[in-house]
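What follows is run-v3.txt (compact mmCIF, C-alpha atoms and all ligand atoms).
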```txt
# COMPACT_ATOMS: atom_id res chain seq x y z
CA MET G 1 106.25 125.53 98.95
CA THR G 2 108.84 127.93 97.80
CA GLY G 3 107.67 128.06 94.20
CA LEU G 4 104.02 128.67 94.86
CA GLY G 5 102.46 131.90 95.91
CA LEU G 6 98.79 132.57 96.37
CA ASN G 7 99.43 135.96 94.85
CA ASP G 8 100.25 134.35 91.49
CA PRO G 9 96.77 134.43 89.90
CA VAL G 10 97.59 132.15 86.95
CA ARG G 11 99.05 129.39 89.12
CA GLU G 12 96.29 129.85 91.61
CA ALA G 13 93.61 129.46 88.93
CA ARG G 14 95.39 126.40 87.51
CA LEU G 15 95.61 124.83 90.97
CA LEU G 16 91.97 125.59 91.65
CA THR G 17 90.93 123.98 88.38
CA ARG G 18 92.95 120.85 89.11
CA ILE G 19 91.53 120.51 92.61
CA ILE G 20 88.00 120.91 91.29
CA GLU G 21 88.70 118.40 88.50
CA THR G 22 90.03 115.88 91.02
CA ILE G 23 87.16 116.36 93.42
CA SER G 24 84.49 116.16 90.75
CA GLY G 25 86.28 113.39 88.84
CA GLY G 26 84.07 110.73 90.45
CA LEU G 27 82.35 109.77 93.59
CA ASP G 28 84.80 107.14 94.72
CA LEU G 29 86.17 108.52 97.98
CA GLU G 30 89.45 106.59 98.02
CA GLY G 31 90.16 107.61 94.41
CA ILE G 32 89.47 111.27 95.17
CA LEU G 33 91.70 111.25 98.24
CA GLN G 34 94.57 109.59 96.45
CA GLY G 35 94.31 112.06 93.59
CA ILE G 36 94.23 114.97 96.01
CA ALA G 37 97.19 113.65 98.00
CA ALA G 38 99.25 113.49 94.80
CA LEU G 39 98.15 116.97 93.75
CA ILE G 40 98.98 118.42 97.13
CA THR G 41 102.51 116.99 97.33
CA GLU G 42 103.17 118.22 93.81
CA THR G 43 101.78 121.70 94.47
CA THR G 44 103.40 122.15 97.83
CA GLU G 45 106.65 120.49 96.79
CA THR G 46 106.49 118.09 99.69
CA ASP G 47 107.29 114.39 99.70
CA VAL G 48 104.38 112.67 101.36
CA CYS G 49 100.76 113.55 102.02
CA PHE G 50 98.39 111.78 104.41
CA VAL G 51 94.64 112.35 104.58
CA TYR G 52 92.94 111.18 107.76
CA LEU G 53 89.15 111.25 108.00
CA LEU G 54 87.08 111.28 111.14
CA ASP G 55 85.07 108.04 111.49
CA GLU G 56 81.29 108.07 111.63
CA ALA G 57 81.25 107.86 115.41
CA GLY G 58 83.43 111.00 115.54
CA GLU G 59 85.92 109.17 117.76
CA ARG G 60 88.83 108.13 115.57
CA LEU G 61 90.85 109.50 112.69
CA VAL G 62 91.42 106.85 110.08
CA LEU G 63 93.97 107.10 107.28
CA ARG G 64 91.90 107.15 104.09
CA GLY G 65 94.25 108.48 101.44
CA ALA G 66 97.98 108.98 100.98
CA THR G 67 100.66 109.26 98.37
CA PRO G 68 102.19 105.94 97.28
CA PRO G 69 103.37 103.67 98.81
CA PHE G 70 101.35 104.66 101.89
CA HIS G 71 98.02 104.56 100.03
CA ARG G 72 98.05 100.80 100.64
CA LEU G 73 97.64 101.46 104.35
CA ALA G 74 94.32 103.26 103.83
CA GLY G 75 91.82 102.00 106.38
CA GLN G 76 94.50 100.32 108.47
CA VAL G 77 95.94 103.19 110.51
CA GLY G 78 93.81 104.90 113.13
CA LEU G 79 94.37 107.53 115.81
CA LYS G 80 92.16 108.56 118.68
CA MET G 81 91.18 112.20 119.02
CA GLY G 82 94.09 113.98 120.68
CA GLU G 83 96.56 111.22 119.78
CA GLY G 84 99.65 112.18 117.79
CA VAL G 85 100.02 115.41 115.86
CA SER G 86 96.97 114.66 113.69
CA GLY G 87 94.88 113.90 116.76
CA TRP G 88 96.04 117.16 118.34
CA VAL G 89 95.11 119.13 115.20
CA ALA G 90 91.70 117.42 115.10
CA ALA G 91 91.02 118.02 118.80
CA HIS G 92 92.10 121.68 118.69
CA GLY G 93 90.86 122.55 115.20
CA ARG G 94 94.18 124.34 114.63
CA PRO G 95 97.16 123.69 112.33
CA ALA G 96 100.46 122.35 113.63
CA VAL G 97 103.94 122.65 112.17
CA ILE G 98 107.04 120.72 113.21
CA VAL G 99 110.16 121.85 111.43
CA GLU G 100 112.59 119.33 112.88
CA ASP G 101 113.27 117.00 115.80
CA LYS G 102 109.71 115.75 115.84
CA LEU G 103 110.58 113.12 118.46
CA SER G 104 110.98 115.83 121.07
CA ASP G 105 107.56 117.34 120.29
CA PRO G 106 105.12 116.06 122.94
CA ARG G 107 102.35 115.87 120.35
CA TYR G 108 104.29 113.48 118.12
CA LYS G 109 103.52 109.78 118.19
CA HIS G 110 105.40 107.29 116.08
CA ILE G 111 103.11 105.02 114.07
CA PRO G 112 105.09 101.86 113.32
CA ALA G 113 102.95 100.88 110.30
CA LEU G 114 103.97 104.09 108.53
CA GLY G 115 107.70 103.61 109.21
CA ARG G 116 108.49 107.19 108.18
CA GLU G 117 111.44 107.99 110.38
CA ASP G 118 113.21 109.63 107.44
CA LEU G 119 110.58 112.38 107.21
CA THR G 120 111.87 115.53 108.87
CA SER G 121 109.35 118.38 108.70
CA LEU G 122 105.60 118.31 108.73
CA ALA G 123 102.61 120.60 108.48
CA SER G 124 99.18 119.44 109.52
CA VAL G 125 95.86 121.24 109.08
CA PRO G 126 92.29 120.35 110.02
CA ILE G 127 89.88 119.62 107.18
CA LEU G 128 86.84 121.62 108.11
CA SER G 129 83.55 121.83 106.29
CA LYS G 130 81.16 124.67 106.83
CA PRO G 131 80.04 125.52 109.45
CA HIS G 132 83.25 124.51 111.20
CA ARG G 133 82.61 120.76 111.20
CA LEU G 134 85.66 118.54 111.46
CA VAL G 135 85.94 116.16 108.51
CA GLY G 136 89.55 115.07 109.00
CA VAL G 137 93.18 116.13 108.97
CA LEU G 138 95.58 116.77 106.10
CA ASN G 139 99.32 116.30 106.63
CA VAL G 140 102.30 116.98 104.41
CA HIS G 141 105.84 115.84 105.17
CA THR G 142 109.25 116.55 103.71
CA ARG G 143 112.40 114.48 103.88
CA THR G 144 114.67 117.49 104.08
CA ARG G 145 114.19 120.25 106.61
CA ARG G 146 111.52 122.75 105.62
CA GLU G 147 110.39 125.94 107.33
CA PHE G 148 106.66 125.91 106.64
CA THR G 149 105.60 129.55 106.52
CA GLU G 150 102.28 130.98 107.58
CA ALA G 151 101.39 131.37 103.90
CA ASP G 152 102.17 127.67 103.32
CA VAL G 153 99.88 126.68 106.17
CA GLN G 154 97.19 129.02 104.86
CA LEU G 155 97.45 127.44 101.43
CA LEU G 156 97.12 123.95 102.94
CA GLY G 157 94.11 125.09 104.95
CA TRP G 158 92.56 126.51 101.81
CA MET G 159 93.07 123.23 99.93
CA ALA G 160 91.71 121.30 102.90
CA GLY G 161 88.62 123.51 102.85
CA LEU G 162 88.09 122.78 99.16
CA MET G 163 88.45 119.06 99.81
CA ALA G 164 85.95 119.07 102.66
CA GLY G 165 82.91 119.57 100.42
CA GLY G 166 84.07 116.91 97.95
CA ILE G 167 84.68 114.42 100.75
CA GLU G 168 81.27 115.03 102.26
CA ASN G 169 79.60 114.63 98.86
CA ALA G 170 81.41 111.37 98.20
CA ARG G 171 80.46 110.14 101.67
CA LEU G 172 76.83 111.11 101.21
CA HIS G 173 76.81 109.38 97.87
CA ARG G 174 78.28 106.22 99.38
CA ALA G 175 75.83 106.31 102.29
CA LEU G 176 72.98 106.74 99.84
CA ALA G 177 74.17 103.87 97.66
CA GLU G 178 74.55 101.63 100.73
CA ARG G 179 71.09 102.54 101.93
CA GLU G 180 69.62 101.88 98.54
CA ALA G 181 71.31 98.48 98.42
CA ALA G 182 70.05 97.78 101.95
CA MET G 183 66.52 98.71 100.88
CA GLU G 184 66.76 96.38 97.89
CA ARG G 185 68.05 93.52 100.02
CA PHE G 186 65.37 94.30 102.55
CA ALA G 187 62.61 94.13 99.97
CA GLU G 188 64.01 90.83 98.72
CA ARG G 189 64.21 89.44 102.23
CA ILE G 190 60.71 90.60 103.05
CA VAL G 191 59.41 88.49 100.18
CA LEU G 192 61.44 85.48 101.32
CA ALA G 193 60.61 86.03 104.97
CA THR G 194 56.90 86.39 104.18
CA GLU G 195 57.01 83.07 102.33
CA ALA G 196 58.87 81.39 105.20
CA GLU G 197 56.46 82.89 107.71
CA ARG G 198 53.49 81.68 105.68
CA ARG G 199 54.95 78.17 105.63
CA ARG G 200 55.63 78.26 109.36
CA LEU G 201 52.11 79.45 110.13
CA ALA G 202 50.58 76.90 107.77
CA GLY G 203 52.64 74.17 109.48
CA GLU G 204 51.61 75.28 112.93
CA ILE G 205 47.94 75.51 111.98
CA HIS G 206 47.96 72.19 110.13
CA ASP G 207 50.02 70.11 112.54
CA GLY G 208 48.97 71.73 115.78
CA ILE G 209 45.85 73.79 115.94
CA SER G 210 43.68 72.00 113.37
CA GLN G 211 44.59 68.53 114.77
CA ARG G 212 43.44 69.72 118.19
CA VAL G 213 40.21 71.14 116.77
CA VAL G 214 39.50 67.86 114.93
CA SER G 215 39.96 65.82 118.14
CA LEU G 216 37.97 68.40 120.04
CA SER G 217 35.12 67.94 117.62
CA PHE G 218 35.30 64.09 118.06
CA HIS G 219 35.11 64.48 121.82
CA LEU G 220 32.14 66.83 121.54
CA SER G 221 30.29 64.37 119.22
CA ALA G 222 30.98 61.56 121.68
CA ALA G 223 29.71 63.78 124.48
CA ALA G 224 26.56 64.58 122.49
CA ASP G 225 25.91 60.85 121.88
CA ALA G 226 26.46 59.98 125.53
CA VAL G 227 24.77 62.90 127.22
CA VAL G 228 21.41 61.16 127.72
CA ILE G 229 22.44 57.55 128.29
CA ALA G 230 25.77 57.99 130.06
CA PRO G 231 26.11 61.53 131.43
CA GLU G 232 29.36 60.69 133.28
CA VAL G 233 31.00 59.63 129.95
CA ALA G 234 29.70 62.83 128.38
CA ALA G 235 31.19 64.88 131.22
CA GLN G 236 34.55 63.18 130.71
CA GLN G 237 34.45 63.83 126.95
CA ILE G 238 33.63 67.48 127.61
CA ALA G 239 36.54 67.75 130.05
CA GLU G 240 38.85 66.29 127.38
CA ALA G 241 37.42 68.74 124.85
CA GLN G 242 38.10 71.59 127.23
CA LEU G 243 41.75 70.59 127.61
CA LEU G 244 42.08 70.39 123.84
CA ALA G 245 40.48 73.82 123.44
CA GLU G 246 43.01 75.26 125.90
CA ALA G 247 45.89 73.56 124.10
CA ALA G 248 44.64 74.94 120.76
CA LEU G 249 44.45 78.39 122.28
CA ASP G 250 48.03 78.12 123.61
CA GLU G 251 49.23 77.00 120.20
CA THR G 252 47.44 79.89 118.52
CA ARG G 253 49.14 82.33 120.88
CA PHE G 254 52.49 80.69 120.19
CA ALA G 255 51.96 80.92 116.42
CA ILE G 256 51.08 84.60 116.68
CA ALA G 257 53.95 85.38 119.07
CA GLY G 258 56.38 84.22 116.38
CA LEU G 259 55.18 87.05 114.14
CA HIS G 260 55.90 89.93 116.45
CA PRO G 261 57.41 90.05 119.93
CA PRO G 262 54.10 90.57 121.84
CA VAL G 263 56.00 91.66 124.92
CA LEU G 264 56.89 94.89 123.09
CA ASP G 265 53.25 95.89 122.76
CA ASP G 266 52.54 94.98 126.36
CA LEU G 267 55.58 96.45 128.06
CA GLY G 268 57.35 98.83 125.70
CA LEU G 269 61.00 98.52 124.68
CA ALA G 270 62.73 99.29 127.98
CA ALA G 271 60.76 96.76 130.03
CA SER G 272 60.92 94.22 127.19
CA LEU G 273 64.71 94.41 127.22
CA GLU G 274 64.70 93.91 130.98
CA SER G 275 62.41 90.95 130.62
CA LEU G 276 64.56 89.58 127.76
CA ALA G 277 67.59 89.77 130.03
CA GLY G 278 65.75 87.50 132.47
CA THR G 279 65.25 84.74 129.90
CA PHE G 280 68.86 83.49 129.99
CA PRO G 281 69.08 81.54 133.26
CA GLN G 282 72.70 80.50 132.66
CA LEU G 283 73.86 84.16 132.61
CA THR G 284 73.78 86.99 135.10
CA ILE G 285 72.56 89.86 132.94
CA GLN G 286 72.51 93.40 134.20
CA ALA G 287 70.06 95.62 132.32
CA GLU G 288 70.34 99.42 132.41
CA VAL G 289 67.65 100.69 130.13
CA GLN G 290 66.23 104.14 129.79
CA HIS G 291 62.57 104.52 129.06
CA CYS G 292 62.22 105.93 125.53
CA GLU G 293 59.56 106.60 122.95
CA LEU G 294 60.54 105.03 119.65
CA PRO G 295 58.47 104.26 116.55
CA PRO G 296 57.22 100.63 116.76
CA HIS G 297 59.36 99.34 113.88
CA VAL G 298 62.48 100.87 115.45
CA ALA G 299 61.65 99.30 118.81
CA THR G 300 61.14 95.90 117.12
CA ALA G 301 64.49 96.16 115.31
CA VAL G 302 66.34 97.18 118.49
CA TYR G 303 64.67 94.36 120.43
CA ARG G 304 65.61 91.81 117.76
CA ILE G 305 69.23 93.02 117.71
CA ALA G 306 69.46 92.76 121.50
CA GLN G 307 67.84 89.33 121.37
CA GLU G 308 70.32 88.01 118.79
CA ALA G 309 73.26 89.60 120.62
CA LEU G 310 72.25 87.91 123.88
CA GLN G 311 71.61 84.65 122.08
CA ASN G 312 75.15 84.87 120.71
CA VAL G 313 76.47 85.51 124.22
CA ALA G 314 74.60 82.45 125.49
CA LYS G 315 75.63 80.28 122.53
CA HIS G 316 79.22 81.27 121.91
CA ALA G 317 80.76 83.44 124.61
CA GLU G 318 81.01 81.06 127.57
CA ALA G 319 80.47 84.22 129.59
CA ARG G 320 79.50 84.44 133.23
CA SER G 321 77.83 87.80 132.99
CA ALA G 322 76.59 90.29 130.46
CA ARG G 323 75.23 93.80 130.43
CA VAL G 324 72.53 95.38 128.27
CA ARG G 325 72.33 99.17 128.10
CA LEU G 326 69.95 101.42 126.23
CA LEU G 327 70.43 105.14 126.58
CA ALA G 328 69.86 108.41 124.78
CA GLN G 329 72.93 110.31 123.65
CA GLY G 330 71.85 113.68 122.30
CA GLU G 331 69.73 112.94 119.25
CA ALA G 332 71.10 109.43 118.97
CA MET G 333 70.29 106.28 120.90
CA LEU G 334 72.80 103.73 122.02
CA LEU G 335 72.24 100.03 122.61
CA GLU G 336 75.14 98.07 124.07
CA VAL G 337 75.39 94.38 124.80
CA GLU G 338 78.62 93.45 126.54
CA ASP G 339 79.87 90.13 127.87
CA ASP G 340 82.88 88.90 129.79
CA GLY G 341 83.27 85.77 127.69
CA GLN G 342 85.94 84.36 125.44
CA GLY G 343 85.58 86.92 122.64
CA PHE G 344 86.26 86.29 118.96
CA ASP G 345 87.76 87.96 115.93
CA PRO G 346 85.02 90.13 114.37
CA ALA G 347 87.14 90.70 111.25
CA ALA G 348 86.71 87.03 110.38
CA HIS G 349 82.95 87.56 110.40
CA ARG G 350 82.95 90.96 108.72
CA VAL G 351 80.65 90.51 105.76
CA ARG G 352 78.20 92.77 104.06
CA ALA G 353 74.97 93.44 105.88
CA GLY G 354 72.30 90.97 104.91
CA GLN G 355 74.68 88.43 103.32
CA PRO G 356 75.04 85.23 105.33
CA GLY G 357 78.36 85.22 107.20
CA PRO G 358 80.80 82.32 107.40
CA ALA G 359 79.12 81.22 110.62
CA GLY G 360 75.52 82.32 110.58
CA TYR G 361 72.97 84.93 109.77
CA GLY G 362 73.02 86.62 113.18
CA LEU G 363 75.69 89.29 112.70
CA PRO G 364 74.85 90.14 109.05
CA GLY G 365 71.18 90.31 110.01
CA MET G 366 71.95 92.68 112.88
CA ARG G 367 74.03 94.87 110.54
CA GLU G 368 71.20 94.97 108.08
CA ARG G 369 68.67 95.98 110.71
CA ALA G 370 71.11 98.66 111.90
CA GLU G 371 71.49 100.04 108.36
CA LEU G 372 67.76 100.19 107.91
CA LEU G 373 67.47 102.25 111.07
CA GLY G 374 70.06 104.64 109.63
CA GLY G 375 72.33 103.43 112.42
CA MET G 376 75.69 101.82 112.84
CA LEU G 377 76.69 98.55 114.44
CA GLU G 378 80.14 98.07 115.91
CA VAL G 379 81.45 94.79 117.27
CA LYS G 380 84.48 95.17 119.50
CA SER G 381 86.02 91.89 120.52
CA CYS G 382 89.18 89.91 120.47
CA PRO G 383 89.83 86.36 121.61
CA GLY G 384 90.12 86.18 125.40
CA GLN G 385 88.64 89.61 126.06
CA GLY G 386 84.88 89.50 125.92
CA THR G 387 82.69 91.22 123.37
CA LEU G 388 81.03 94.61 123.14
CA LEU G 389 78.32 95.10 120.56
CA ARG G 390 77.30 98.71 120.12
CA LEU G 391 74.39 99.98 118.06
CA ARG G 392 74.12 103.72 117.57
CA PHE G 393 70.95 104.85 115.82
CA PRO G 394 68.91 108.01 115.39
CA ALA G 395 65.90 108.23 117.70
CA VAL G 396 63.93 109.39 114.68
CA PRO G 397 64.81 107.14 111.74
CA PRO G 398 65.55 108.67 108.32
CA GLU G 399 62.98 108.53 105.55
CA PRO G 400 63.60 105.54 103.25
CA GLY G 401 66.13 106.56 100.62
CA ALA G 402 67.33 109.63 102.52
CA PRO G 403 71.08 110.00 103.11
CA ARG G 404 72.38 109.48 106.61
N1 LIG H 501 79.38 87.32 122.11
C1 LIG H 501 80.14 86.48 121.41
N2 LIG H 501 81.18 85.83 121.99
C2 LIG H 501 81.95 84.96 121.28
N3 LIG H 501 81.79 84.71 119.97
C3 LIG H 501 80.79 85.30 119.34
C4 LIG H 501 79.90 86.23 120.00
N4 LIG H 501 79.02 86.71 119.09
C5 LIG H 501 79.32 86.11 117.93
N5 LIG H 501 80.37 85.26 118.06
C6 LIG H 501 81.04 84.50 116.98
O1 LIG H 501 80.62 85.04 115.75
C7 LIG H 501 80.05 84.03 114.95
C8 LIG H 501 78.98 84.63 114.06
O2 LIG H 501 77.81 84.96 114.82
P1 LIG H 501 76.41 84.91 114.07
O3 LIG H 501 75.39 85.38 115.04
O4 LIG H 501 76.55 85.64 112.78
O5 LIG H 501 76.21 83.37 113.72
P2 LIG H 501 75.77 82.16 114.66
O6 LIG H 501 75.35 82.66 116.01
O7 LIG H 501 76.88 81.16 114.64
O8 LIG H 501 74.54 81.57 113.85
P3 LIG H 501 73.01 82.15 113.82
O9 LIG H 501 73.02 83.49 114.46
O10 LIG H 501 72.65 82.21 112.36
O11 LIG H 501 72.22 81.16 114.58
C9 LIG H 501 79.60 82.97 115.91
O12 LIG H 501 79.57 81.70 115.30
C10 LIG H 501 80.65 83.05 116.98
O13 LIG H 501 81.80 82.33 116.60
MG MG H 502 73.95 84.18 116.20
```
structure tokens encoding of this file:
Amino acid sequence: MTGLGLNDPVREARLLTRIIETISGGLDLEGILQGIAALITETTETDVCFVYLLDEAGERLVLRGATPPFHRLAGQVGLKMGEGVSGWVAAHGRPAVIVEDKLSDPRYKHIPALGREDLTSLASVPILSKPHRLVGVLNVHTRTRREFTEADVQLLGWMAGLMAGGIENARLHRALAEREAAMERFAERIVLATEAERRRLAGEIHDGISQRVVSLSFHLSAAADAVVIAPEVAAQQIAEAQLLAEAALDETRFAIAGLHPPVLDDLGLAASLESLAGTFPQLTIQAEVQHCELPPHVATAVYRIAQEALQNVAKHAEARSARVRLLAQGEAMLLEVEDDGQGFDPAAHRVRAGQPGPAGYGLPGMRERAELLGGMLEVKSCPGQGTLLRLRFPAVPPEPGAPR
């Protein structure tokens, strides 16, 4: 950064203009980050720039933009908070500089995928949006030794600050677009689901309930004919009619139960989840659920997600035990369904919410419900290691169409 000084107003104005142009050049986050990475290496006369962004759960830094050829690794490299130099910068909210011999710096962690052993010096700054919210970490590296000065670090911090707003806008835009798409898919599915529900109800009424009522009416006519001349026959016909009336009533209840989990109205979400856990006799299911007040449609969605997750455990996991947890975490709620079964590769089933997956509709359907709640569904699993499904959602759902 020898050639650039913040006290050179013409260069400063030119740099500012280029940053603003790059940030406002579109709303595609990856494109913006790649453009910024290139601009930063050029401006700071460094060789490589990496932009890590904090994931939505606020737990991991994920590489989202870099100068070529590292841009291809976007989305594939992740660090926990506190891990490596970037993790340290994120956790402390302070810049870090390593001039040389990075291997002897306790903060350094080699990331094999990046294979950048030939990079000597580095400067790393947090990307902070106002008011002091961590968005990510910006790193620059040089092949030859470079003493990054305080002014260099300040300049990087300044550029990172400018990026923060652009990144947040692009993220909001993406979240909004995803929500809009989810709403559209939802509307479409409501129409299809309503039709399917109508057919199911019609089938149940036609084949079950109305058949029973027809026979019931025959038995009552027979009873009416026999009541004077053969009262014992009439009594038998009435008894038959009574059984049929009870069966019709059971079938009506069954048909209605398919529309809405009635247990939710009776027991509330927490007790419904406990009772759901008891409906899988082949599994030992431990339920730890906090009582909570949620809007009815949120409770229904959470119940359906837990139901499908447990059904998946029962169908696919070959697990001995499972655990269902529902708890409040600040303003968010957390639902977890964990099993000790054979696990699977979630990447193979990673499809868009609402689109049928290679195997079934369960996981995409759960993702779609999660999106509609303004929440996030994570599936952590790998073959041989059990599965953890985690739904994080706001206790008060966003208005339709509002950004998350
Ligand atoms: N807990 C689990 N343990 C092991 N494998 C699982 C688990 N959950 C899901 N899977 C795997 O993921 C696949 C996709 O699940 P998904 O619920 O989308 O479909 P499905 O259960 O096969 O069909 P559907 O839900 O439509 O009846 C499953 O076929 C299974 O291979
Ligand atoms: Mg399923």
Please, which residues have at least one atom within 9 Å of an atom of ligand MG 502 (chain H), using all atoms listed in the file, listed as a list in words?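 The distance check yields Glu308, Ala309, Leu310, Gln311, Asn312, Val313, Lys315, His316, Ala359, Gly360, Tyr361, Gly362 and Leu363 of chain G.
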Could you list, as a PyMOL selection string, every residue within 9 Å of region 156-165 of chain G, counting all atoms listed in the file and ignoring same-chain residues fewer than 5 positions away? chain G and resi 16+19-20+23+33+36+40+44+95+123-130+134-140+151+170
Spatial neighbours of region 262-273 of chain G, 10 Å, only C-alpha atoms, chain gap at least 6 places, as a PyMOL selection string: chain G and resi 253+256+287-294+296+298-300+302-304+306-307+324-327
Closest atom pairs, residues of chain G within 10 Å of ligand LIG 501 (chain H), all atoms listed in the file, as CSV:
```
residue,atom,partner,partner_atom,distance
G:Glu308,CA,H:LIG501,O9,6.8
G:Ala309,CA,H:LIG501,N4,6.6
G:Leu310,CA,H:LIG501,N1,7.4
G:Gln311,CA,H:LIG501,O6,7.4
G:Asn312,CA,H:LIG501,N4,4.6
G:Val313,CA,H:LIG501,N1,4.0
G:Ala314,CA,H:LIG501,N1,7.6
G:Lys315,CA,H:LIG501,O6,6.9
G:His316,CA,H:LIG501,C2,4.6
G:Ala317,CA,H:LIG501,N2,3.6
G:Glu318,CA,H:LIG501,N2,7.3
G:Ala319,CA,H:LIG501,N2,7.8
G:Ala322,CA,H:LIG501,N1,9.3
G:Val337,CA,H:LIG501,N1,8.5
G:Glu338,CA,H:LIG501,N1,7.6
G:Asp339,CA,H:LIG501,N1,6.4
G:Asp340,CA,H:LIG501,N2,8.6
G:Gly341,CA,H:LIG501,N2,6.1
G:Gln342,CA,H:LIG501,C2,5.8
G:Gly343,CA,H:LIG501,C2,4.3
G:Phe344,CA,H:LIG501,N3,4.8
G:Asp345,CA,H:LIG501,C6,7.6
G:Pro346,CA,H:LIG501,O1,6.9
G:Ala347,CA,H:LIG501,O1,9.7
G:Ala348,CA,H:LIG501,O1,8.4
G:His349,CA,H:LIG501,C8,6.1
G:Arg350,CA,H:LIG501,C8,9.2
G:Val351,CA,H:LIG501,O4,9.5
G:Pro356,CA,H:LIG501,O4,7.6
G:Gly357,CA,H:LIG501,O4,5.9
G:Pro358,CA,H:LIG501,C8,7.3
G:Ala359,CA,H:LIG501,O7,4.6
G:Gly360,CA,H:LIG501,O10,3.4
G:Tyr361,CA,H:LIG501,O10,3.8
G:Gly362,CA,H:LIG501,O3,3.3
G:Leu363,CA,H:LIG501,O4,3.8
G:Pro364,CA,H:LIG501,O4,6.1
G:Gly365,CA,H:LIG501,O4,7.6
G:Met366,CA,H:LIG501,O3,8.4
G:Arg367,CA,H:LIG501,O4,9.8
G:Val379,CA,H:LIG501,N4,8.6
G:Lys380,CA,H:LIG501,N1,9.7
G:Ser381,CA,H:LIG501,N2,7.9
G:Cys382,CA,H:LIG501,C2,8.8
G:Pro383,CA,H:LIG501,C2,8.0
G:Gly384,CA,H:LIG501,C2,9.2
G:Gln385,CA,H:LIG501,N2,9.3
G:Gly386,CA,H:LIG501,N2,6.5
G:Thr387,CA,H:LIG501,N1,5.3
G:Leu388,CA,H:LIG501,N1,7.5
G:Leu389,CA,H:LIG501,N1,8.0
```
Could you check the closest approach to His141 (chain G) for each of G:Ala248, G:Ala66, G:Val10, G:Leu216 and tell me which residue wins, using all atoms listed in the file?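 Going through G:Ala248, G:Ala66, G:Val10, G:Leu216 one by one, the smallest distance to His141 (chain G) is for G:Ala66.
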Excluding same-chain residues fewer than 3 positions from region 96-110 of chain G, what lies within 6 Å of it counting only C-alpha atoms, as a list in words?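 Contacts, in chain order: Gly84, Val85, Thr120, Ser121, Leu122, Ala123, Ser124 and Glu147 of chain G.
Coordinates place CA of Thr142 (chain G) at a distance of 22.4 Å from CA of Gln76 (chain G).
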What does the structure give for the distance between CA of Arg199 (chain G) and CA of Leu372 (chain G), in Å to one decimal? 25.6 Å
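Taking CA of Ala38 (chain G) and CA of Arg143 (chain G) as the two end points, the separation is 16.0 Å.
Proximity of G:Pro9, G:Pro281, G:Gly93, G:Gly208 to Phe254 (chain G), computed with all atoms listed in the file, is greatest for G:Gly208.
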Enclosing box along x, y and z for every listed atom of region 179-189 of chain G, padded 6 Å each side, centre and size in Å, one decimal, as JSON:
```
{"center_x": 67.0, "center_y": 96.0, "center_z": 100.2, "size_x": 20.7, "size_y": 25.1, "size_z": 16.7}
```
Which residues are close to Met376 (chain G), i.e. within 9 Å by all atoms listed in the file, leaving aside same-chain residues fewer than 3 positions away? Reply as a PDB file with C-alpha atoms, in the coordinates of the input.
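Full text of result-v6.pdb as output:
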```
ATOM      1  CA  GLU G  56      81.290 108.070 111.630  1.00  0.00           C
ATOM      2  CA  ALA G  57      81.250 107.860 115.410  1.00  0.00           C
ATOM      3  CA  ARG G 367      74.030  94.870 110.540  1.00  0.00           C
ATOM      4  CA  ALA G 370      71.110  98.660 111.900  1.00  0.00           C
ATOM      5  CA  GLU G 371      71.490 100.040 108.360  1.00  0.00           C
ATOM      6  CA  LEU G 373      67.470 102.250 111.070  1.00  0.00           C
ATOM      7  CA  ARG G 390      77.300  98.710 120.120  1.00  0.00           C
ATOM      8  CA  LEU G 391      74.390  99.980 118.060  1.00  0.00           C
ATOM      9  CA  ARG G 392      74.120 103.720 117.570  1.00  0.00           C
ATOM     10  CA  PHE G 393      70.950 104.850 115.820  1.00  0.00           C
TER      11      PHE G 393
END
```
